[in-house]
Amino acid sequence: MNMKPLLFTGLCLSCILSHLQAQTDSSYIKPTIKKSSSTFKKSRFQPEADTLEAVTVHANRTNNQKSLNIGRVAIPAMDLPQAVSIVNRSVMDNQQALRLSDVIRNVNGVYLATTRGATQENFSARGYSLGANNIYKDGIRINSGSMPETSSLEKVEVLKGSSAVLFGNVAPGGIINLVSKQPKFEPGGEIAIRTGSFGLFKPHVEIYGPLSKSIAYQINGSFETADSYRDQVQSKRYYINPSLLFKLGNKTELLLITDHLQHDFTPDFGIGTIDNTSIPDLPRSAFFGTNWQYAKTKQSSATSILKHSFNDNWQLNASISWQHYNRDYFAIERIQAKANGDFYRPLNRTKNDEQYLTSQISVSGKFKTGQFQHLLLTGIDIDRYDTKAWTYNQPTIYDTINILDANKFKARTDMPNVKEIRMVATPILRFGAYIQDLITVTHQIKLMLGLRWSYQDAKPATTTDLITGKSTLGALKTDQAFSPRAGLVYQPNKHTSLFASYANSFSINSGTDVYGNALAPSIIDQFELGVKNDLLSGALTVNLTAYRIINNNLAQTALFAADGITPNNNTNLKALTGQTMSDGIEIDFTAHPLKGLDLMAGYSYNFIRYTKTPDTKGNFVEGERLQNSVGSTANGSIFYHFKAWKIGTSIVYTGPRTAGFNNTKGQTQNYNRLFPVADFTTIDLSVGYSWKRINLMAKLSNLTNTLNYYTHENYSINPIAPTQLSATIRYTFHQ
């Protein structure tokens with residue numbers, strides 16, 4: 001797809017609209033930094049929030065007005081050369097969001113990519129997977145191995161593009177920050193019950209209020225049980241989230257947050273593939289696991305966040321968090337059937353225990369040097385990760401079935417007796433220091449500069465044989481990288497901002513070079529430009545962004561051995577000689593044309609492919625799109641509030657993509673390892689009614705009963721949910 005005409009047209013349209021809007025202005029007005037109010041209105045403290053350029057999905061609010069908790073410094077919307085989307089609590093309630101994917105469907109260009117084994121949700125943006133390093137809660141990196149609870153969230157923020165300056169080793173597509181509900185000094189709360197198709201039942205309670213003039217509390221709790229449209233699949237969740245807020249004088253606040261989630265469910269790898277090349281034509285409900293398989297996860301955290309204002313210009317923010325994650329798992333997985341449907345069911349038993357200790361401290365302040373106004377942010381962060389993983393002596397193959405003919409073989413039903421045989425303990429230490437300065441050159445020109453140094457120390461892993469008691473020590477691996485950032489913002493009037501920016505991030509590599517040395521990180525460069533418009537007194541927002549992301553030193557199999565002459569056939573010996581390129585655009589519209597009517601729409605296009613690879617066997621094929629990357633996505637929603645009623649619909653389009661594995665040069669397979677997955681559209685319809693303090697919401701999801709799949713490579717092919725009906729009744733109480 002040639003993006004230049006579309007990009008040029010969009011830029012011209014945005015500039016024309018902004019010019020027409022500017023005719024109503026007699027002069028340019030300097031954007032001002034609005035002070036964000038904390039929970040205590042009399043406090044002088046400026047909370048950690050940015051009024052950033054935002055596609056703000058929120059009824060009765062203009063765009064570019066919401067604050068962003070994860071930015072660590074308050075920056076006006078039009079001054080930041082980066083795109084942000086915010087989904088607020090009211091949208092989650094209107095759409096009855098159950099999982100994080102229900103929230104993210106409102107964010108243009110970010111989509112649910114895989115649900116491997118139905119154990120977690122993995123999202124992608126701008127061609128890159130937002131993996132374990134890209135999910136945050138209250139500004140703190142969290143484990144993404146479990147599906148987060150949404151009932152305790154006030155909003156979800158998505159900061160698109162590279163955020164390495166502030167957060168270090170993160171994928172360049174963006175980061176997701178979950179913002180918790182906080183204690184309030186006004187007594188209140190709510191009780192809600194949700195029920196729906198396939199046995200869904202979820203009561204939820206929330207209470208908050210003051211304990212004294214300087215201490216407030218909040219408690220969220222929920223229980224959820226459900227069957228599934230998938231045979232033999234069940235789920236139970238227990239969640240509790242208490243928090244306390246202390247006012248330590250009129251300049252200091254301390255927030256203590258704890259939560260605990262227990263999720264017991266049936267692992268589900270979907271319907272798999274036939275002969276590694278196609279998705280079988282099977283009922284959506286077809287399940288090929290056992291009736292005893294299980295996954296039990298527990299995730300707990302305790303976090304303290306301190307905010308202090310030295311004066312009107314300088315603030316301090318510090319946090320420390322302890323997290324614990326545990327998973328006990330035993331299941332059939334990797335559904336890869338032969339051409340005739342025969343499937344040798346592989347068995348996997350694992351246990352993981354992970355503990356994280358993360359901390360950060362930052363200082364931000366405003367000052368002048370000559371005619372230049374500065375907004376400075378500097379800080380450090382340090383994380384300690386201790387992970388343990390157990391392996392078992394389970395048989396490789398459990399039994400044989402046929403996914404096309406259930407009567408061909410008799411399936412086993414017993415649970416094998418297995419025991420632990422090995423444990424691997426891996427400690428990882430991360431450290432980062434950063435500085436960022438937003439310089440106001442003139443009322444119309446802003447310059448943002450930033451630099452971060454990141455260091456990661458993967459200490460030697462200890463492998464213990466639990467049969468003999470013998471332990472072996474692995475190799476130490478250290479990585480370090482600088483991550484710069486530069487952005488230029490031009491504001492011809494108070495309604496329009498044009499920006500261009502550069503930033504990079506880095507990706508840790510495995511393997512060694514031909515000399516036996518650990519590979520350095522791959523540096524990923526991102527170039528971005530765009531225009532933001534806040535028009536018609538905030539009734540219409542039009543934002544357009546274009547980007548290019550280049551990994552110039554992708555790890556690939558080395559051409560030659562260390563002598564530079566002998567051809568290399570060892571795929572573990574690598575060199576930073578490959579390249580990928582990701583090009584894309586994002587267009588966002590939000591509008592409030594009538595009182596009570598809220599519209600949102602977005603379209604994104606992305607093309608990520610291998611652009612340079614050596615000719616050595618095992619390297620990727622130049623020009624091939626990365627597997628499971630989506631070219632086009634689009635989303636939209638319309639909600640109308642009138643009297644006691646509300647009605648709305650949301651539509652999400654996911655374009656064609658490929659499943660399987662990318663092809664490699666000299667591969668042994670004589671077929672294309674990629675196979676197509678069609679595009680699909682889902683439509684949800686919501687209706688609600690309020691009476692006094694009672695609110696009733698109902699939703700019909702996947703209105704057209706569309707059938708499609710979330711794919712992970714070629715072995716976890718999970719059908720999307722069919723048409724479902726759910727309803728929530730909520731009673732709110734307050735003083």
# chains A, B, ... in the order shown; residues from 1 in each chain; ligands from 1

$ residues_around --residues "segment 201-204 of chain A" --least-positions-apart "4" --cutoff "6 Å" --atoms "only C-alpha atoms" --output "CSV table (one decimal) with C-alpha atoms, in the first residue's frame"
chain,number,residue,atom,x,y,z
A,191,ILE,CA,-22.5,-3.2,44.5
A,192,ALA,CA,-22.9,-4.8,41.1
A,193,ILE,CA,-23.8,-8.2,39.7
A,194,ARG,CA,-23.1,-9.3,36.2
A,195,THR,CA,-24.5,-12.4,34.6
A,221,GLY,CA,-13.5,-7.1,45.5
A,222,SER,CA,-15.0,-9.5,43.0
A,223,PHE,CA,-15.7,-13.1,42.3
A,224,GLU,CA,-16.2,-14.6,38.9
A,225,THR,CA,-17.2,-18.0,37.7

$ residues_around --residues "Leu576 of chain A" --least-positions-apart "4" --cutoff "9 Å" --atoms "only C-alpha atoms" --output "list of chain:residue names"
A:Asp513, A:Leu519, A:Ala520, A:Pro521, A:Ser522, A:Asn552, A:Asn553, A:Leu554, A:Ala555, A:Gln556, A:Thr557, A:Ala558

$ write_last_selection --atoms "N, CA and C atoms" --output "PDB file, in the first residue's frame"
ATOM      1  N   ASP A 513      28.069 -14.398  19.414  1.00  0.00           N
ATOM      2  CA  ASP A 513      28.693 -14.144  18.126  1.00  0.00           C
ATOM      3  C   ASP A 513      29.671 -15.270  17.815  1.00  0.00           C
ATOM      4  N   LEU A 519      25.732 -11.579  22.548  1.00  0.00           N
ATOM      5  CA  LEU A 519      25.334 -10.549  21.593  1.00  0.00           C
ATOM      6  C   LEU A 519      24.899  -9.278  22.307  1.00  0.00           C
ATOM      7  N   ALA A 520      25.256  -8.159  21.720  1.00  0.00           N
ATOM      8  CA  ALA A 520      24.794  -6.875  22.235  1.00  0.00           C
ATOM      9  C   ALA A 520      23.313  -6.707  21.919  1.00  0.00           C
ATOM     10  N   PRO A 521      22.631  -5.784  22.590  1.00  0.00           N
ATOM     11  CA  PRO A 521      21.221  -5.544  22.266  1.00  0.00           C
ATOM     12  C   PRO A 521      21.063  -4.990  20.854  1.00  0.00           C
ATOM     13  N   SER A 522      19.908  -5.255  20.263  1.00  0.00           N
ATOM     14  CA  SER A 522      19.551  -4.631  18.991  1.00  0.00           C
ATOM     15  C   SER A 522      18.933  -3.268  19.277  1.00  0.00           C
ATOM     16  N   ASN A 552      17.953  -1.874  12.697  1.00  0.00           N
ATOM     17  CA  ASN A 552      19.075  -1.978  11.768  1.00  0.00           C
ATOM     18  C   ASN A 552      20.057  -3.080  12.124  1.00  0.00           C
ATOM     19  N   ASN A 553      19.930  -3.645  13.306  1.00  0.00           N
ATOM     20  CA  ASN A 553      20.869  -4.703  13.690  1.00  0.00           C
ATOM     21  C   ASN A 553      20.132  -5.889  14.305  1.00  0.00           C
ATOM     22  N   LEU A 554      19.197  -6.405  13.528  1.00  0.00           N
ATOM     23  CA  LEU A 554      18.470  -7.608  13.920  1.00  0.00           C
ATOM     24  C   LEU A 554      19.429  -8.796  13.955  1.00  0.00           C
ATOM     25  N   ALA A 555      19.357  -9.584  15.023  1.00  0.00           N
ATOM     26  CA  ALA A 555      20.228 -10.751  15.148  1.00  0.00           C
ATOM     27  C   ALA A 555      19.867 -11.801  14.104  1.00  0.00           C
ATOM     28  N   GLN A 556      20.864 -12.210  13.320  1.00  0.00           N
ATOM     29  CA  GLN A 556      20.689 -13.224  12.278  1.00  0.00           C
ATOM     30  C   GLN A 556      21.857 -14.205  12.319  1.00  0.00           C
ATOM     31  N   THR A 557      21.649 -15.389  11.737  1.00  0.00           N
ATOM     32  CA  THR A 557      22.717 -16.379  11.697  1.00  0.00           C
ATOM     33  C   THR A 557      23.929 -15.818  10.963  1.00  0.00           C
ATOM     34  N   ALA A 558      25.096 -15.978  11.567  1.00  0.00           N
ATOM     35  CA  ALA A 558      26.322 -15.431  10.983  1.00  0.00           C
ATOM     36  C   ALA A 558      26.658 -16.129   9.670  1.00  0.00           C
TER      37      ALA A 558
END

$ select_by_dssp --residues "segment 70-274 of chain A" --states "helix (DSSP H, G or I)" --output "ChimeraX atom specification"
/A:70-71,77-79,89-94,100-104,116-118,164-167

$ write_last_selection --atoms "N, CA and C atoms" --output "PDB file, in the first residue's frame"
ATOM      1  N   ILE A  70       1.177   7.933  33.629  1.00  0.00           N
ATOM      2  CA  ILE A  70       2.443   7.249  33.421  1.00  0.00           C
ATOM      3  C   ILE A  70       3.553   8.163  32.914  1.00  0.00           C
ATOM      4  N   GLY A  71       3.249   9.399  32.580  1.00  0.00           N
ATOM      5  CA  GLY A  71       4.256  10.273  31.996  1.00  0.00           C
ATOM      6  C   GLY A  71       5.277  10.819  32.953  1.00  0.00           C
ATOM      7  N   ALA A  77      -1.117  18.882  26.503  1.00  0.00           N
ATOM      8  CA  ALA A  77      -1.381  17.989  25.380  1.00  0.00           C
ATOM      9  C   ALA A  77      -0.636  18.392  24.124  1.00  0.00           C
ATOM     10  N   MET A  78      -0.745  19.627  23.737  1.00  0.00           N
ATOM     11  CA  MET A  78      -0.192  20.063  22.467  1.00  0.00           C
ATOM     12  C   MET A  78       1.330  20.179  22.474  1.00  0.00           C
ATOM     13  N   ASP A  79       1.955  19.980  23.626  1.00  0.00           N
ATOM     14  CA  ASP A  79       3.407  20.129  23.720  1.00  0.00           C
ATOM     15  C   ASP A  79       4.157  18.811  23.593  1.00  0.00           C
ATOM     16  N   ARG A  89     -13.260   4.940  32.974  1.00  0.00           N
ATOM     17  CA  ARG A  89     -14.152   4.028  33.680  1.00  0.00           C
ATOM     18  C   ARG A  89     -15.553   4.013  33.090  1.00  0.00           C
ATOM     19  N   SER A  90     -16.049   5.162  32.679  1.00  0.00           N
ATOM     20  CA  SER A  90     -17.411   5.208  32.148  1.00  0.00           C
ATOM     21  C   SER A  90     -17.545   4.370  30.887  1.00  0.00           C
ATOM     22  N   VAL A  91     -16.508   4.353  30.052  1.00  0.00           N
ATOM     23  CA  VAL A  91     -16.540   3.531  28.846  1.00  0.00           C
ATOM     24  C   VAL A  91     -16.520   2.049  29.219  1.00  0.00           C
ATOM     25  N   MET A  92     -15.687   1.681  30.193  1.00  0.00           N
ATOM     26  CA  MET A  92     -15.649   0.287  30.633  1.00  0.00           C
ATOM     27  C   MET A  92     -17.006  -0.158  31.155  1.00  0.00           C
ATOM     28  N   ASP A  93     -17.674   0.714  31.910  1.00  0.00           N
ATOM     29  CA  ASP A  93     -18.992   0.357  32.438  1.00  0.00           C
ATOM     30  C   ASP A  93     -20.033   0.276  31.328  1.00  0.00           C
ATOM     31  N   ASN A  94     -20.027   1.243  30.419  1.00  0.00           N
ATOM     32  CA  ASN A  94     -21.005   1.230  29.324  1.00  0.00           C
ATOM     33  C   ASN A  94     -20.864  -0.012  28.459  1.00  0.00           C
ATOM     34  N   LEU A 100      -9.071  -7.098  29.804  1.00  0.00           N
ATOM     35  CA  LEU A 100      -8.332  -5.957  29.277  1.00  0.00           C
ATOM     36  C   LEU A 100      -8.544  -5.816  27.776  1.00  0.00           C
ATOM     37  N   SER A 101      -8.719  -6.923  27.068  1.00  0.00           N
ATOM     38  CA  SER A 101      -8.964  -6.854  25.624  1.00  0.00           C
ATOM     39  C   SER A 101     -10.258  -6.115  25.306  1.00  0.00           C
ATOM     40  N   ASP A 102     -11.251  -6.177  26.203  1.00  0.00           N
ATOM     41  CA  ASP A 102     -12.493  -5.429  25.995  1.00  0.00           C
ATOM     42  C   ASP A 102     -12.257  -3.929  26.089  1.00  0.00           C
ATOM     43  N   VAL A 103     -11.242  -3.536  26.843  1.00  0.00           N
ATOM     44  CA  VAL A 103     -10.893  -2.119  26.970  1.00  0.00           C
ATOM     45  C   VAL A 103     -10.056  -1.673  25.781  1.00  0.00           C
ATOM     46  N   ILE A 104      -9.066  -2.480  25.421  1.00  0.00           N
ATOM     47  CA  ILE A 104      -8.116  -2.112  24.370  1.00  0.00           C
ATOM     48  C   ILE A 104      -8.788  -2.030  23.010  1.00  0.00           C
ATOM     49  N   ARG A 116      -2.445 -17.379  23.684  1.00  0.00           N
ATOM     50  CA  ARG A 116      -1.806 -18.692  23.712  1.00  0.00           C
ATOM     51  C   ARG A 116      -2.317 -19.537  24.878  1.00  0.00           C
ATOM     52  N   GLY A 117      -2.961 -20.653  24.510  1.00  0.00           N
ATOM     53  CA  GLY A 117      -3.469 -21.556  25.521  1.00  0.00           C
ATOM     54  C   GLY A 117      -4.545 -20.959  26.397  1.00  0.00           C
ATOM     55  N   ALA A 118      -5.091 -19.812  26.001  1.00  0.00           N
ATOM     56  CA  ALA A 118      -6.081 -19.082  26.803  1.00  0.00           C
ATOM     57  C   ALA A 118      -5.536 -18.745  28.184  1.00  0.00           C
ATOM     58  N   ALA A 164      11.248   4.189  25.679  1.00  0.00           N
ATOM     59  CA  ALA A 164      12.444   3.668  26.322  1.00  0.00           C
ATOM     60  C   ALA A 164      13.126   4.692  27.211  1.00  0.00           C
ATOM     61  N   VAL A 165      12.991   5.994  26.909  1.00  0.00           N
ATOM     62  CA  VAL A 165      13.650   7.008  27.731  1.00  0.00           C
ATOM     63  C   VAL A 165      13.173   6.918  29.176  1.00  0.00           C
ATOM     64  N   LEU A 166      11.881   6.704  29.372  1.00  0.00           N
ATOM     65  CA  LEU A 166      11.342   6.647  30.723  1.00  0.00           C
ATOM     66  C   LEU A 166      11.319   5.240  31.299  1.00  0.00           C
ATOM     67  N   PHE A 167      11.257   4.204  30.441  1.00  0.00           N
ATOM     68  CA  PHE A 167      10.994   2.869  30.960  1.00  0.00           C
ATOM     69  C   PHE A 167      12.006   1.808  30.538  1.00  0.00           C
TER      70      PHE A 167
END

$ select_by_dssp --residues "segment 592-684 of chain A" --states "strand (DSSP E or B)" --output "PyMOL selection string"
chain A and resi 592-594+597-612+620+625+632-642+645-654+657-660+664+674-677+680-684

$ closest_atom_pairs --of "segment 643-732 of chain A" --to "segment 609-626 of chain A" --cutoff "8 Å" --atoms "only C-alpha atoms" --output "tab-separated table"
residue	atom	partner	partner_atom	distance
A:Asn662	CA	A:Leu626	CA	6.6
A:Asn663	CA	A:Phe620	CA	6.1
A:Thr664	CA	A:Phe620	CA	4.4
A:Lys665	CA	A:Lys617	CA	5.0
A:Gly666	CA	A:Lys617	CA	4.9
A:Gln667	CA	A:Gly618	CA	6.6

$ residues_around --residues "segment 150-161 of chain A" --least-positions-apart "6" --cutoff "7 Å" --atoms "only C-alpha atoms" --output "ChimeraX atom specification"
/A:68,82-89,98-100,172-181,220

$ closest_residue --among "A:Ala659, A:Ala503, A:Asp684, A:Val677" --to "Ile647 of chain A" --atoms "only C-alpha atoms"
A:Asp684

$ residues_around --residues "Asp259 of chain A" --least-positions-apart "2" --cutoff "8 Å" --atoms "only C-alpha atoms" --output "number ranges by chain"
A: 239-242, 257, 261, 300-302

$ write_last_selection --atoms "C-alpha atoms" --output "tab-separated table (two decimals), in the first residue's frame"
chain	number	residue	atom	x	y	z
A	239	TYR	CA	-9.93	-10.65	43.48
A	240	ILE	CA	-9.37	-8.21	46.34
A	241	ASN	CA	-7.86	-4.73	46.11
A	242	PRO	CA	-7.63	-2.59	49.29
A	257	ILE	CA	-2.12	-0.23	47.17
A	261	LEU	CA	-5.83	-12.22	42.10
A	300	SER	CA	-0.17	-10.46	44.54
A	301	SER	CA	1.35	-7.03	44.89
A	302	ALA	CA	1.99	-4.33	47.48

$ closest_residue --among "A:Pro283, A:Gly564, A:Pro76, A:Gly631" --to "Ser497 of chain A" --atoms "only C-alpha atoms"
A:Pro76

$ atom_distance --atom1 "atom CA of Gly636 of chain A" --atom2 "atom CA of Tyr229 of chain A"
26.3 Å

$ residues_around --residues "Lys470 of chain A" --least-positions-apart "4" --cutoff "12 Å" --atoms "only C-alpha atoms" --output "PDB file with N, CA and C atoms, in the first residue's frame"
ATOM      1  N   ILE A 421      11.721 -32.832  38.607  1.00  0.00           N
ATOM      2  CA  ILE A 421      13.066 -33.363  38.398  1.00  0.00           C
ATOM      3  C   ILE A 421      14.121 -32.264  38.279  1.00  0.00           C
ATOM      4  N   ARG A 422      13.687 -31.033  38.022  1.00  0.00           N
ATOM      5  CA  ARG A 422      14.674 -29.973  37.806  1.00  0.00           C
ATOM      6  C   ARG A 422      14.072 -28.624  38.181  1.00  0.00           C
ATOM      7  N   MET A 423      14.932 -27.752  38.726  1.00  0.00           N
ATOM      8  CA  MET A 423      14.507 -26.396  39.042  1.00  0.00           C
ATOM      9  C   MET A 423      15.595 -25.428  38.587  1.00  0.00           C
ATOM     10  N   VAL A 424      15.167 -24.384  37.874  1.00  0.00           N
ATOM     11  CA  VAL A 424      16.094 -23.363  37.390  1.00  0.00           C
ATOM     12  C   VAL A 424      15.735 -22.038  38.049  1.00  0.00           C
ATOM     13  N   THR A 462      20.936 -20.836  38.127  1.00  0.00           N
ATOM     14  CA  THR A 462      21.308 -22.042  38.861  1.00  0.00           C
ATOM     15  C   THR A 462      20.323 -23.151  38.518  1.00  0.00           C
ATOM     16  N   THR A 463      20.832 -24.223  37.914  1.00  0.00           N
ATOM     17  CA  THR A 463      20.005 -25.372  37.563  1.00  0.00           C
ATOM     18  C   THR A 463      20.264 -26.485  38.563  1.00  0.00           C
ATOM     19  N   THR A 464      19.216 -26.899  39.258  1.00  0.00           N
ATOM     20  CA  THR A 464      19.350 -27.921  40.291  1.00  0.00           C
ATOM     21  C   THR A 464      18.633 -29.188  39.862  1.00  0.00           C
ATOM     22  N   ASP A 465      19.382 -30.297  39.830  1.00  0.00           N
ATOM     23  CA  ASP A 465      18.794 -31.609  39.577  1.00  0.00           C
ATOM     24  C   ASP A 465      18.158 -32.082  40.875  1.00  0.00           C
ATOM     25  N   LEU A 466      16.829 -32.166  40.913  1.00  0.00           N
ATOM     26  CA  LEU A 466      16.133 -32.496  42.149  1.00  0.00           C
ATOM     27  C   LEU A 466      16.212 -33.974  42.493  1.00  0.00           C
TER      28      LEU A 466
END

$ atom_distance --atom1 "atom CA of Asp399 of chain A" --atom2 "atom CA of Pro346 of chain A"
7.8 Å

$ residues_around --residues "segment 726-732 of chain A" --least-positions-apart "5" --cutoff "7 Å" --atoms "only C-alpha atoms" --output "NGL selection string"
:A and (189-197 or 693-700)

$ write_last_selection --atoms "C-alpha atoms" --output "PDB file, in the first residue's frame"
ATOM      1  CA  GLY A 189     -19.345   2.789  46.758  1.00  0.00           C
ATOM      2  CA  GLU A 190     -21.264   0.382  44.596  1.00  0.00           C
ATOM      3  CA  ILE A 191     -22.549  -3.152  44.477  1.00  0.00           C
ATOM      4  CA  ALA A 192     -22.858  -4.815  41.078  1.00  0.00           C
ATOM      5  CA  ILE A 193     -23.837  -8.211  39.742  1.00  0.00           C
ATOM      6  CA  ARG A 194     -23.102  -9.307  36.207  1.00  0.00           C
ATOM      7  CA  THR A 195     -24.537 -12.380  34.553  1.00  0.00           C
ATOM      8  CA  GLY A 196     -24.394 -13.660  31.024  1.00  0.00           C
ATOM      9  CA  SER A 197     -24.150 -16.450  28.502  1.00  0.00           C
ATOM     10  CA  ARG A 693     -29.173   4.933  42.208  1.00  0.00           C
ATOM     11  CA  ILE A 694     -29.811   1.803  40.171  1.00  0.00           C
ATOM     12  CA  ASN A 695     -28.272   1.280  36.758  1.00  0.00           C
ATOM     13  CA  LEU A 696     -28.955  -1.604  34.388  1.00  0.00           C
ATOM     14  CA  MET A 697     -26.735  -2.299  31.371  1.00  0.00           C
ATOM     15  CA  ALA A 698     -27.165  -5.048  28.786  1.00  0.00           C
ATOM     16  CA  LYS A 699     -24.862  -5.977  25.928  1.00  0.00           C
ATOM     17  CA  LEU A 700     -25.133  -8.226  22.905  1.00  0.00           C
TER      18      LEU A 700
END

$ closest_residue --among "A:Thr512, A:Asn714, A:Asn635, A:Asn407" --to "Ser604 of chain A" --atoms "only C-alpha atoms"
A:Asn635

$ closest_residue --among "A:Gly127, A:Pro460, A:Gly145, A:Gly199" --to "Asp227 of chain A" --atoms "only C-alpha atoms"
A:Gly199

$ residues_around --residues "Ala721 of chain A" --least-positions-apart "6" --cutoff "9 Å" --atoms "only C-alpha atoms" --output "list in words"
Ser228, Tyr229, Arg230, Arg284, Ser701, Asn702, Asn705, Thr706, Leu707 and Asn708 of chain A

$ write_last_selection --atoms "C-alpha atoms" --output "short mmCIF file (atom, residue, chain, number, x, y, z; two decimals), in the first residue's frame"
data_model
loop_
_atom_site.label_atom_id
_atom_site.label_comp_id
_atom_site.auth_asym_id
_atom_site.auth_seq_id
_atom_site.Cartn_x
_atom_site.Cartn_y
_atom_site.Cartn_z
CA SER A 228 -17.38 -21.38 28.07
CA TYR A 229 -18.52 -21.76 24.49
CA ARG A 230 -15.60 -24.21 24.39
CA ARG A 284 -16.24 -23.45 17.56
CA SER A 701 -21.60 -8.94 21.74
CA ASN A 702 -20.53 -10.27 18.34
CA ASN A 705 -21.90 -14.35 15.25
CA THR A 706 -18.70 -13.90 13.24
CA LEU A 707 -16.26 -16.81 13.35
CA ASN A 708 -12.53 -16.11 13.32
#

$ closest_residue --among "A:Ser629, A:Thr258, A:Ser690, A:Asn670" --to "His641 of chain A" --atoms "only C-alpha atoms"
A:Ser690
